[in-house]
file structure-v9.cif (mmCIF, C-alpha atoms)
data_data
#
loop_
_atom_site.label_atom_id
_atom_site.label_comp_id
_atom_site.auth_asym_id
_atom_site.auth_seq_id
_atom_site.Cartn_x
_atom_site.Cartn_y
_atom_site.Cartn_z
CA MET A 1 168.40 118.00 83.72
CA SER A 2 165.62 115.99 82.23
CA ALA A 3 166.21 112.83 80.30
CA TYR A 4 164.03 113.60 77.32
CA LYS A 5 162.67 116.39 75.21
CA LEU A 6 159.20 115.66 73.97
CA ASN A 7 157.80 116.96 70.68
CA LEU A 8 154.18 116.33 69.87
CA PHE A 9 153.14 117.36 66.37
CA THR A 10 149.81 117.10 64.60
CA PRO A 11 148.75 118.35 61.15
CA LYS A 12 146.91 121.18 62.92
CA GLY A 13 149.98 122.39 64.76
CA SER A 14 152.51 121.55 67.43
CA VAL A 15 150.91 120.62 70.73
CA VAL A 16 154.12 120.73 72.71
CA LYS A 17 157.66 121.38 71.63
CA ASP A 18 160.81 120.52 73.58
CA LEU A 19 158.91 119.65 76.74
CA GLU A 20 161.37 118.46 79.35
CA CYS A 21 160.37 115.14 80.84
CA ASN A 22 161.68 111.99 82.46
CA ASP A 23 158.99 109.42 82.07
CA ILE A 24 156.42 108.95 79.31
CA VAL A 25 153.68 106.39 78.96
CA ILE A 26 152.64 105.99 75.35
CA PRO A 27 149.77 103.95 73.91
CA THR A 28 151.03 101.93 70.96
CA CYS A 29 149.34 99.41 68.73
CA ARG A 30 150.69 96.62 70.92
CA GLY A 31 149.82 98.08 74.28
CA GLU A 32 151.24 100.84 76.41
CA ILE A 33 154.97 101.37 76.58
CA ASN A 34 156.81 103.30 79.23
CA ILE A 35 159.77 105.38 78.11
CA LEU A 36 162.26 105.83 80.93
CA PRO A 37 165.74 107.39 80.75
CA ASP A 38 168.23 105.48 78.56
CA HIS A 39 165.52 103.81 76.57
CA THR A 40 166.56 102.06 73.38
CA HIS A 41 165.94 103.84 70.05
CA ILE A 42 162.55 102.79 68.94
CA LEU A 43 160.06 103.51 66.21
CA THR A 44 156.53 102.36 66.70
CA GLU A 45 152.95 102.92 65.69
CA LEU A 46 150.62 104.77 68.02
CA SER A 47 147.12 103.77 68.84
CA THR A 48 144.27 105.87 70.18
CA GLY A 49 144.65 106.50 73.87
CA LEU A 50 146.02 108.63 76.64
CA MET A 51 149.61 109.63 76.95
CA THR A 52 151.01 110.53 80.34
CA VAL A 53 154.15 112.59 80.71
CA LYS A 54 156.07 113.15 83.92
CA THR A 55 157.76 116.54 83.82
CA PRO A 56 159.69 118.37 86.52
CA MET A 57 156.56 120.53 86.88
CA GLY A 58 154.26 117.58 87.49
CA LEU A 59 152.17 115.17 85.46
CA ARG A 60 150.66 116.11 82.13
CA HIS A 61 148.15 114.23 80.03
CA PHE A 62 147.47 114.23 76.32
CA SER A 63 145.16 112.34 74.03
CA VAL A 64 146.63 110.87 70.88
CA THR A 65 145.20 109.02 67.92
CA ALA A 66 146.79 107.02 65.12
CA GLY A 67 150.32 108.05 64.33
CA LEU A 68 153.93 107.42 65.02
CA CYS A 69 156.31 107.54 67.95
CA ARG A 70 160.06 107.79 67.70
CA VAL A 71 162.60 107.72 70.47
CA LEU A 72 166.01 108.83 69.27
CA LYS A 73 168.81 109.83 71.63
CA ASP A 74 167.25 112.38 73.96
CA THR A 75 164.24 113.34 71.87
CA VAL A 76 160.88 111.68 71.77
CA THR A 77 158.87 112.67 68.72
CA ILE A 78 155.19 111.87 68.53
CA LEU A 79 153.36 112.42 65.29
CA SER A 80 149.67 112.01 65.86
CA PHE A 81 146.74 112.71 63.60
CA THR A 82 144.99 114.58 66.38
CA SER A 83 146.00 115.38 69.91
CA GLU A 84 144.65 117.42 72.77
CA LYS A 85 145.97 118.63 76.08
CA ALA A 86 144.01 117.75 79.19
CA GLU A 87 143.79 121.47 79.98
CA ASP A 88 141.93 122.17 76.73
CA ILE A 89 139.13 119.68 77.16
CA ASP A 90 135.60 120.90 77.77
CA LEU A 91 134.11 118.15 79.93
CA ASP A 92 130.48 119.08 79.34
CA ARG A 93 130.92 119.11 75.62
CA ALA A 94 132.74 115.79 75.67
CA LYS A 95 129.95 114.25 77.79
CA ALA A 96 127.31 115.60 75.42
CA ALA A 97 129.18 114.19 72.43
CA LYS A 98 129.46 110.83 74.15
CA ALA A 99 125.75 110.73 74.94
CA LYS A 100 124.91 111.65 71.36
CA ALA A 101 127.18 108.97 69.91
CA ILE A 102 125.72 106.32 72.24
CA ASP A 103 122.25 107.40 71.23
CA ARG A 104 123.03 107.09 67.53
CA LEU A 105 124.64 103.70 68.00
CA SER A 106 121.78 102.34 70.11
CA GLY A 107 120.12 101.06 66.97
CA LYS A 108 116.99 103.18 66.98
CA GLU A 109 117.61 104.19 63.40
CA SER A 110 119.44 102.08 60.89
CA LEU A 111 122.93 103.31 60.11
CA SER A 112 124.95 102.75 56.98
CA ASP A 113 128.32 101.06 57.40
CA VAL A 114 130.13 104.35 56.92
CA ASP A 115 128.01 106.03 59.59
CA LEU A 116 128.46 103.11 61.94
CA ILE A 117 132.23 103.43 61.74
CA LYS A 118 131.97 107.20 62.03
CA PHE A 119 129.90 107.08 65.21
CA ARG A 120 132.02 104.34 66.74
CA ARG A 121 135.05 106.54 66.22
CA LYS A 122 133.17 109.51 67.63
CA LEU A 123 132.24 107.50 70.70
CA GLU A 124 135.84 106.36 71.08
CA ARG A 125 137.09 109.95 70.91
CA ALA A 126 134.41 111.27 73.24
CA GLU A 127 135.19 108.59 75.82
CA LEU A 128 138.85 109.43 75.55
CA ARG A 129 138.10 113.10 76.15
CA VAL A 130 135.98 112.37 79.18
CA ARG A 131 138.76 110.22 80.63
CA LEU A 132 141.30 112.90 79.84
CA ALA A 133 139.18 115.65 81.38
CA ASN A 134 138.80 113.65 84.57
CA LEU A 135 142.57 113.52 84.90
CA LYS A 136 143.16 117.23 85.03
CA MET B 1 145.38 170.22 28.27
CA ALA B 2 143.27 168.71 30.97
CA ASN B 3 140.68 170.96 32.46
CA ILE B 4 139.75 171.23 36.10
CA LYS B 5 136.54 169.26 35.78
CA ASP B 6 138.32 166.27 34.22
CA LEU B 7 140.96 166.32 36.91
CA LYS B 8 138.33 166.42 39.63
CA LYS B 9 136.67 163.36 38.13
CA LYS B 10 139.97 161.54 37.95
CA ILE B 11 140.81 162.32 41.57
CA LYS B 12 137.45 161.06 42.69
CA SER B 13 137.77 157.77 40.83
CA THR B 14 141.33 157.25 42.08
CA LYS B 15 140.13 157.79 45.62
CA GLY B 16 137.45 155.15 45.00
CA THR B 17 140.09 152.70 43.82
CA LEU B 18 142.18 153.48 46.86
CA LYS B 19 139.30 152.56 49.13
CA ILE B 20 138.88 149.21 47.39
CA THR B 21 142.56 148.31 47.41
CA LYS B 22 142.82 149.27 51.06
CA ALA B 23 139.87 147.06 51.96
CA MET B 24 141.27 144.19 49.91
CA LYS B 25 144.58 144.52 51.65
CA LEU B 26 142.95 144.27 55.05
CA VAL B 27 140.94 141.22 54.01
CA SER B 28 144.04 139.52 52.62
CA ALA B 29 146.00 140.30 55.76
CA ALA B 30 143.36 138.61 57.89
CA LYS B 31 143.22 135.61 55.58
CA LEU B 32 146.99 135.41 55.41
CA ASN B 33 147.14 135.30 59.17
CA LYS B 34 144.85 132.28 59.27
CA ALA B 35 146.58 130.53 56.39
CA GLN B 36 149.96 131.19 57.95
CA ILE B 37 148.94 129.55 61.21
CA ARG B 38 147.73 126.52 59.29
CA ILE B 39 150.82 126.06 57.17
CA LEU B 40 153.26 126.77 59.96
CA GLY B 41 151.36 124.33 62.17
CA LEU B 42 151.48 121.60 59.57
CA ARG B 43 155.11 122.01 58.62
CA PRO B 44 156.82 120.42 61.65
CA TYR B 45 154.48 117.44 61.32
CA SER B 46 155.09 116.94 57.63
CA THR B 47 158.85 117.43 57.79
CA GLU B 48 159.18 115.00 60.68
CA LEU B 49 156.97 112.47 58.96
CA GLU B 50 158.82 112.71 55.69
CA GLY B 51 162.17 112.58 57.43
CA THR B 52 161.18 109.50 59.35
CA VAL B 53 160.01 107.69 56.27
CA ARG B 54 163.19 108.61 54.44
CA THR B 55 165.30 107.33 57.28
CA VAL B 56 163.39 104.13 57.77
CA SER B 57 163.24 103.34 54.08
CA ALA B 58 166.97 103.90 53.84
CA LEU B 59 167.72 101.75 56.84
CA ALA B 60 165.28 98.97 56.02
CA GLN B 61 166.96 96.66 53.58
CA ASN B 62 165.13 95.72 50.41
CA TYR B 63 161.92 97.41 51.36
CA SER B 64 159.73 98.49 48.54
CA ASN B 65 156.32 100.04 48.29
CA GLU B 66 154.06 100.67 45.34
CA TYR B 67 154.66 104.40 45.82
CA PHE B 68 158.43 103.89 45.52
CA LEU B 69 158.71 101.82 42.38
CA PRO B 70 159.77 103.76 39.31
CA LYS B 71 157.52 102.99 36.34
CA MET B 72 158.59 102.36 32.79
CA ASN B 73 155.90 104.76 31.66
CA ASN B 74 156.89 107.96 29.93
CA GLN B 75 153.70 109.77 30.84
CA ALA B 76 153.63 112.19 33.72
CA ILE B 77 150.95 114.22 35.36
CA VAL B 78 151.47 117.73 36.74
CA LEU B 79 149.09 119.19 39.28
CA VAL B 80 149.23 122.97 39.03
CA ILE B 81 147.93 124.79 42.09
CA SER B 82 147.08 128.41 41.29
CA SER B 83 144.36 130.79 42.38
CA ASP B 84 140.83 131.39 41.16
CA LYS B 85 141.07 135.13 41.56
CA GLY B 86 143.43 137.67 40.13
CA LEU B 87 144.79 140.90 41.58
CA CYS B 88 147.52 139.12 43.43
CA GLY B 89 150.67 140.49 41.84
CA GLY B 90 153.02 138.07 40.14
CA TYR B 91 151.54 135.06 41.89
CA ASN B 92 150.04 133.37 38.84
CA SER B 93 152.33 134.69 36.13
CA GLN B 94 155.40 133.59 38.01
CA LEU B 95 154.01 130.11 38.45
CA ALA B 96 153.11 129.97 34.76
CA LYS B 97 156.68 130.95 33.93
CA THR B 98 158.06 128.21 36.16
CA VAL B 99 155.74 125.65 34.60
CA ARG B 100 156.80 126.72 31.09
CA LYS B 101 160.42 126.33 32.03
CA PHE B 102 159.73 122.94 33.56
CA LYS B 103 157.98 121.85 30.39
CA ALA B 104 160.93 122.92 28.27
CA GLU B 105 163.30 120.96 30.51
CA HIS B 106 161.20 117.81 30.43
CA LYS B 107 160.63 117.45 26.70
CA ASP B 108 161.24 113.71 26.81
CA GLU B 109 158.26 113.17 29.06
CA ASP B 110 154.67 113.16 27.93
CA LEU B 111 153.25 115.73 30.34
CA LYS B 112 149.61 116.10 31.14
CA PHE B 113 148.44 119.01 33.27
CA VAL B 114 145.60 119.01 35.76
CA TRP B 115 144.57 122.14 37.58
CA ILE B 116 143.48 123.57 40.87
CA GLY B 117 142.54 127.21 40.40
CA LYS B 118 141.73 128.60 36.99
CA LYS B 119 144.19 131.45 36.55
CA VAL B 120 147.25 129.53 35.42
CA ARG B 121 145.02 127.23 33.40
CA GLU B 122 143.80 130.25 31.44
CA LEU B 123 147.38 131.32 30.88
CA LEU B 124 148.70 127.95 29.78
CA SER B 125 145.91 125.73 28.54
CA LYS B 126 146.59 126.56 24.91
CA GLU B 127 150.23 125.53 25.07
CA VAL B 128 149.94 122.32 27.04
CA ASN B 129 148.05 119.07 27.17
CA SER B 130 145.37 120.22 29.55
CA GLY B 131 143.27 117.89 31.67
CA LYS B 132 140.76 118.11 34.43
CA THR B 133 140.21 121.02 36.81
CA TYR B 134 139.50 120.29 40.45
CA THR B 135 137.27 122.56 42.44
CA PHE B 136 136.35 122.72 46.10
CA ALA B 137 133.10 123.33 47.87
CA LYS B 138 134.56 126.30 49.71
CA ILE B 139 137.53 128.47 48.94
CA ASP B 140 139.70 126.66 51.42
CA PRO B 141 139.87 122.92 50.80
CA THR B 142 139.50 120.48 53.66
CA TYR B 143 141.86 117.61 54.34
CA GLU B 144 139.26 115.21 52.96
CA GLU B 145 138.93 117.10 49.68
CA VAL B 146 142.67 117.14 49.17
CA ARG B 147 142.78 113.45 50.05
CA LYS B 148 140.33 112.72 47.22
CA ILE B 149 142.50 114.47 44.66
CA ALA B 150 145.66 112.89 46.00
CA ASP B 151 144.06 109.45 45.93
CA GLU B 152 142.94 109.93 42.37
CA LEU B 153 146.42 110.88 41.22
CA GLY B 154 147.96 108.16 43.37
CA GLN B 155 145.70 105.57 41.72
CA LEU B 156 146.80 106.71 38.25
CA PHE B 157 150.37 106.12 39.35
CA ILE B 158 149.80 102.76 41.03
CA THR B 159 147.88 101.33 38.09
CA GLY B 160 150.75 102.43 35.86
CA GLU B 161 148.80 104.89 33.75
CA VAL B 162 151.35 107.58 34.53
CA GLY B 163 154.98 107.17 35.46
CA LYS B 164 155.45 110.30 37.50
CA VAL B 165 153.40 112.81 39.44
CA TYR B 166 154.52 116.39 39.89
CA VAL B 167 153.02 119.30 41.77
CA ALA B 168 153.62 122.89 40.64
CA TYR B 169 152.86 125.45 43.31
CA ASN B 170 154.05 128.57 45.09
CA SER B 171 155.77 127.70 48.31
CA PHE B 172 155.23 130.08 51.20
CA VAL B 173 158.43 131.71 52.44
CA SER B 174 157.18 134.78 54.27
CA ALA B 175 154.37 137.30 54.01
CA ILE B 176 156.27 139.15 51.29
CA ALA B 177 157.98 136.28 49.52
CA PHE B 178 157.06 133.03 47.82
CA ASP B 179 158.95 130.56 45.75
CA SER B 180 157.46 128.98 42.60
CA LYS B 181 158.49 125.41 42.18
CA VAL B 182 157.69 122.09 40.61
CA ARG B 183 158.15 119.14 42.87
CA GLN B 184 158.13 115.46 42.05
CA ILE B 185 155.95 113.64 44.55
CA LEU B 186 155.65 110.23 42.96
CA PRO B 187 157.52 107.93 42.83
CA MET B 188 159.00 108.88 46.16
CA GLN B 189 162.65 108.53 45.66
CA VAL B 190 165.47 108.44 48.06
CA ALA B 191 168.67 108.67 46.07
CA GLU B 192 171.37 106.12 46.86
CA LYS B 193 173.70 108.89 47.92
CA VAL B 194 171.18 110.27 50.41
CA LYS B 195 170.60 106.73 51.66
CA GLU B 196 174.29 106.33 52.37
CA GLU B 197 174.32 109.68 54.15
CA ILE B 198 171.40 108.71 56.32
CA LYS B 199 173.06 105.42 57.15
CA THR B 200 176.17 107.19 58.39
CA GLN B 201 174.13 109.77 60.30
CA TYR B 202 172.05 107.19 62.11
CA PRO B 203 174.40 104.55 63.35
CA TYR B 204 171.81 103.58 65.91
CA ASP B 205 170.21 100.27 66.16
CA PHE B 206 166.58 101.18 65.80
CA LYS B 207 164.01 98.87 67.23
CA TYR B 208 160.83 98.66 65.22
CA ASP B 209 157.50 97.67 66.56
CA PRO B 210 155.77 95.75 64.93
CA SER B 211 158.28 95.83 62.02
CA ALA B 212 159.84 98.38 59.74
CA GLU B 213 157.80 97.10 56.81
CA THR B 214 154.46 97.39 58.59
CA ILE B 215 155.26 100.88 59.78
CA LEU B 216 156.30 101.97 56.32
CA ASP B 217 153.22 100.42 54.78
CA THR B 218 150.99 102.67 56.85
CA LEU B 219 153.25 105.71 56.74
CA VAL B 220 154.06 105.96 53.06
CA PRO B 221 150.51 106.76 51.89
CA GLU B 222 150.22 109.19 54.80
CA VAL B 223 153.42 110.96 53.72
CA TYR B 224 152.15 111.21 50.18
CA LEU B 225 148.88 112.76 51.35
CA THR B 226 150.57 115.14 53.72
CA THR B 227 152.90 116.27 50.96
CA VAL B 228 150.00 117.17 48.69
CA TYR B 229 148.21 118.88 51.57
CA THR B 230 151.32 120.88 52.47
CA CYS B 231 151.63 122.05 48.86
CA MET B 232 148.00 123.11 48.93
CA LEU B 233 148.32 125.10 52.16
CA ASP B 234 151.58 126.60 50.96
CA ALA B 235 149.85 127.80 47.82
CA ILE B 236 146.95 129.31 49.76
CA ALA B 237 149.18 131.16 52.19
CA SER B 238 151.37 132.56 49.45
CA GLU B 239 148.33 133.64 47.46
CA HIS B 240 147.07 135.75 50.35
CA GLY B 241 150.56 137.08 51.03
CA SER B 242 151.03 138.00 47.41
CA ARG B 243 147.64 139.66 47.19
CA MET B 244 148.29 141.61 50.36
CA ASN B 245 151.49 142.96 48.87
CA ALA B 246 149.97 143.76 45.53
CA MET B 247 147.19 145.68 47.24
CA GLU B 248 149.63 147.46 49.51
CA ASN B 249 151.54 148.64 46.43
CA ALA B 250 148.35 149.58 44.65
CA SER B 251 147.21 151.67 47.61
CA LYS B 252 150.57 153.40 47.73
CA ASN B 253 150.40 154.19 44.04
CA SER B 254 146.84 155.49 44.29
CA ARG B 255 147.82 157.78 47.15
CA GLU B 256 150.68 159.20 45.09
CA MET B 257 148.43 159.61 42.12
CA VAL B 258 145.85 161.54 44.15
CA LYS B 259 148.59 163.79 45.46
CA LYS B 260 149.95 164.46 41.99
CA LEU B 261 146.56 165.12 40.45
CA SER B 262 145.49 167.42 43.28
CA LEU B 263 148.64 169.47 42.86
CA LYS B 264 148.03 169.75 39.14
CA MET B 265 144.41 170.71 39.70
CA ASN B 266 145.31 173.36 42.26
CA LYS B 267 147.89 174.86 39.95
CA LEU B 268 145.36 175.05 37.14
CA ARG B 269 142.78 176.61 39.41
CA GLN B 270 145.26 179.19 40.63
CA ALA B 271 146.25 179.98 37.05
CA LYS B 272 142.61 180.48 36.16
CA ILE B 273 142.06 182.83 39.10
CA THR B 274 145.16 184.82 38.19
CA THR B 275 144.03 185.19 34.59
CA GLU B 276 140.60 186.35 35.68
CA LEU B 277 142.12 188.87 38.08
CA ILE B 278 144.36 190.26 35.38
CA GLU B 279 141.38 190.56 33.11
CA VAL B 280 139.39 192.48 35.75
CA VAL B 281 142.29 194.76 36.61
CA SER B 282 143.17 195.53 33.00
CA GLY B 283 139.47 196.14 32.25
CA ALA B 284 139.29 198.69 35.08
CA GLU B 285 142.56 200.25 33.94
CA SER B 286 141.24 200.78 30.40
CA LEU B 287 138.05 202.43 31.78
CA ASN B 288 140.14 204.85 33.86
CA GLY B 289 142.48 205.49 31.01
#
call {"tool": "encode", "arguments": {"input": "structure-v9.cif", "output": "structure tokens"}}
result
Amino acid sequence: MSAYKLNLFTPKGSVVKDLECNDIVIPTCRGEINILPDHTHILTELSTGLMTVKTPMGLRHFSVTAGLCRVLKDTVTILSFTSEKAEDIDLDRAKAAKAKAIDRLSGKESLSDVDLIKFRRKLERAELRVRLANLK
Amino acid sequence: MANIKDLKKKIKSTKGTLKITKAMKLVSAAKLNKAQIRILGLRPYSTELEGTVRTVSALAQNYSNEYFLPKMNNQAIVLVISSDKGLCGGYNSQLAKTVRKFKAEHKDEDLKFVWIGKKVRELLSKEVNSGKTYTFAKIDPTYEEVRKIADELGQLFITGEVGKVYVAYNSFVSAIAFDSKVRQILPMQVAEKVKEEIKTQYPYDFKYDPSAETILDTLVPEVYLTTVYTCMLDAIASEHGSRMNAMENASKNSREMVKKLSLKMNKLRQAKITTELIEVVSGAESLNG
């Protein structure tokens, strides 16, 4: 019997529902937290990063971005704006996106503030995907 | 009495209509499928998010947000989400009926209506205080486009220009059913009674990180946006569902009509042949006679 059931929801759909697990590492705005059995009830803000889940079937990895994490009794609910499973990542595409973002940010052409933020976020996401893909 | 030529024409045109309604049904079914995946995917997220904010705002003592504060203003804005196209059964007329009823029930408020989709606007604009119409670049709005509208309405509320914001839309129940409703989205209110209920249901000592107030500050606008977006997707899914049904019924009716008309035509033709035969036979008889 696993300690927790994990739900991971995004506006685009549920990534996992009622996933049995015992150990979850979650990136929050104040650093990573590790949820082990009998954790206290907690509500915290997520930050962009990798989430690692230890299930009876082995380790699983997910990317998460801004959102919310709630641990209540035996359910862990993660609401993230976007999330991807490690299995779904296309490494080549992620690498290409990363290279493109680096290129745009290298300062060859002047960027507006909005674009600068946009490409920084893109780079952040692409890097995250590459890291995630390497974990599979 | 209709002659055979007229009936033939009628059958042909009905068959043409049948082809169109059948095609429209197929298109709607495909679109419904997509829309259904979107709304059903969003729902767990939005319900969880809303539930969390409700719980936290009930548990956090004395927390208040600009989206929560009731205003002393009597003006209210109603966003009516309908469709741009017709031929979708009772989709628009039912919503118009609901809005009319809502208006009658809220006589003490100064209601202003803004629109997404032109059908209900056409039905109602003469009876109500009609405002702006929002349109999208494509048929299906993106999250960003909905955010713009939501922000605009949210600003009106925060600056105190309006005291309440409602959304009127058709909520998606299943492919063959929808539910027209008007929902108050601002100010977000958690009734005292519900608060007490939540407090008894959650006797846990929640730990907040960084703090309940900070979390709520970021979550409340997000909840507001997600609510508007959910309404929008609900409306889209029910539009396709409703159209699919209407077209299904129309196809069924056309098929029956073709059957009925063909029968009538065949009877007439047979009658004509019989008459001609009798004429020939009696002509021959008289010659023999």
call {"tool": "interface_residues", "arguments": {"input": "structure-v9.cif", "of": "chain A", "to": "chain B", "cutoff": "6 Å", "atoms": "only C-alpha atoms", "output": "list in words"}}
result
Phe9, Thr10, Pro11, Lys12, Gly13, His41, Ile42, Leu43 and Thr44 of chain A
call {"tool": "resolve_selection", "arguments": {"input": "structure-v9.cif", "expression": "the PyMOL selection byres ((chain B and resi 7-21) around 7)", "output": "ChimeraX atom specification"}}
result
/B:2-6,22-25,247,250-251,254,258,261,265
call {"tool": "axis_aligned_box", "arguments": {"input": "structure-v9.cif", "around": "region 115-134 of chain A", "padding_each_side": "6 Å", "output": "lines of an AutoDock Vina configuration file"}}
result
center_x = 134.7
center_y = 109.4
center_z = 72.1
size_x = 25.3
size_y = 24.5
size_z = 37.0
call {"tool": "resolve_selection", "arguments": {"input": "structure-v9.cif", "expression": "the PyMOL selection byres ((chain B and resi 101-107) around 12)", "output": "PyMOL selection string"}}
result
chain B and resi 74-78+80+94-100+108-113+124+127-129+164+166-168+180-184
call {"tool": "resolve_selection", "arguments": {"input": "structure-v9.cif", "expression": "the PyMOL selection byres ((chain B and resi 33) around 12)", "output": "PyMOL selection string"}}
result
chain B and resi 26-32+34-40+174-175+236-241+244
call {"tool": "atom_distance", "arguments": {"input": "structure-v9.cif", "atom1": "CA of Val114 (chain A)", "atom2": "CA of Thr227 (chain B)"}}
result
26.4 Å
call {"tool": "atom_distance", "arguments": {"input": "structure-v9.cif", "atom1": "CA of Thr40 (chain A)", "atom2": "CA of Val71 (chain A)"}}
result
7.5 Å
call {"tool": "atom_distance", "arguments": {"input": "structure-v9.cif", "atom1": "CA of Ile78 (chain A)", "atom2": "CA of Val223 (chain B)"}}
result
14.9 Å
call {"tool": "closest_residue", "arguments": {"input": "structure-v9.cif", "among": "A:Val76, A:Leu50, A:Ile117, A:Ile26", "to": "Phe62 (chain A)", "atoms": "all atoms listed in the file"}}
result
A:Leu50
call {"tool": "residues_around", "arguments": {"input": "structure-v9.cif", "residues": "Ala101 (chain A)", "least_positions_apart": "3", "cutoff": "8 Å", "atoms": "only C-alpha atoms", "output": "PyMOL selection string"}}
result
chain A and resi 97-98+104-105+119-120+122-123
call {"tool": "residues_around", "arguments": {"input": "structure-v9.cif", "residues": "Thr55 (chain B)", "least_positions_apart": "6", "cutoff": "10 Å", "atoms": "all atoms listed in the file", "output": "CSV table (one decimal) with C-alpha atoms, in the coordinates of the input"}}
result
chain,number,residue,atom,x,y,z
B,49,LEU,CA,157.0,112.5,59.0
B,190,VAL,CA,165.5,108.4,48.1
B,194,VAL,CA,171.2,110.3,50.4
B,195,LYS,CA,170.6,106.7,51.7
B,197,GLU,CA,174.3,109.7,54.2
B,198,ILE,CA,171.4,108.7,56.3
B,199,LYS,CA,173.1,105.4,57.2
B,201,GLN,CA,174.1,109.8,60.3
B,202,TYR,CA,172.0,107.2,62.1
call {"tool": "decode", "arguments": {"input": "structure-v9.cif", "residues": "region 262-284 of chain B", "atoms": "C-alpha atoms", "output": "compact mmCIF listing (two decimals), in the first residue's frame"}}
result
# COMPACT_ATOMS: atom_id res chain seq x y z
CA SER B 262 -41.70 9.25 -52.70
CA LEU B 263 -44.68 7.21 -51.59
CA LYS B 264 -47.04 9.97 -52.61
CA MET B 265 -45.31 10.35 -55.96
CA ASN B 266 -45.42 6.62 -56.65
CA LYS B 267 -49.10 6.48 -55.83
CA LEU B 268 -49.81 9.35 -58.19
CA ARG B 269 -47.76 7.76 -60.94
CA GLN B 270 -49.56 4.46 -60.50
CA ALA B 271 -52.91 6.23 -60.59
CA LYS B 272 -51.92 7.94 -63.81
CA ILE B 273 -50.87 4.65 -65.41
CA THR B 274 -54.11 3.01 -64.34
CA THR B 275 -56.18 5.82 -65.81
CA GLU B 276 -54.29 5.63 -69.08
CA LEU B 277 -54.76 1.86 -69.23
CA ILE B 278 -58.48 2.19 -68.64
CA GLU B 279 -58.65 4.78 -71.37
CA VAL B 280 -56.84 2.49 -73.84
CA VAL B 281 -58.94 -0.53 -72.93
CA SER B 282 -62.25 1.31 -73.09
CA GLY B 283 -61.19 2.88 -76.42
CA ALA B 284 -60.50 -0.59 -77.86
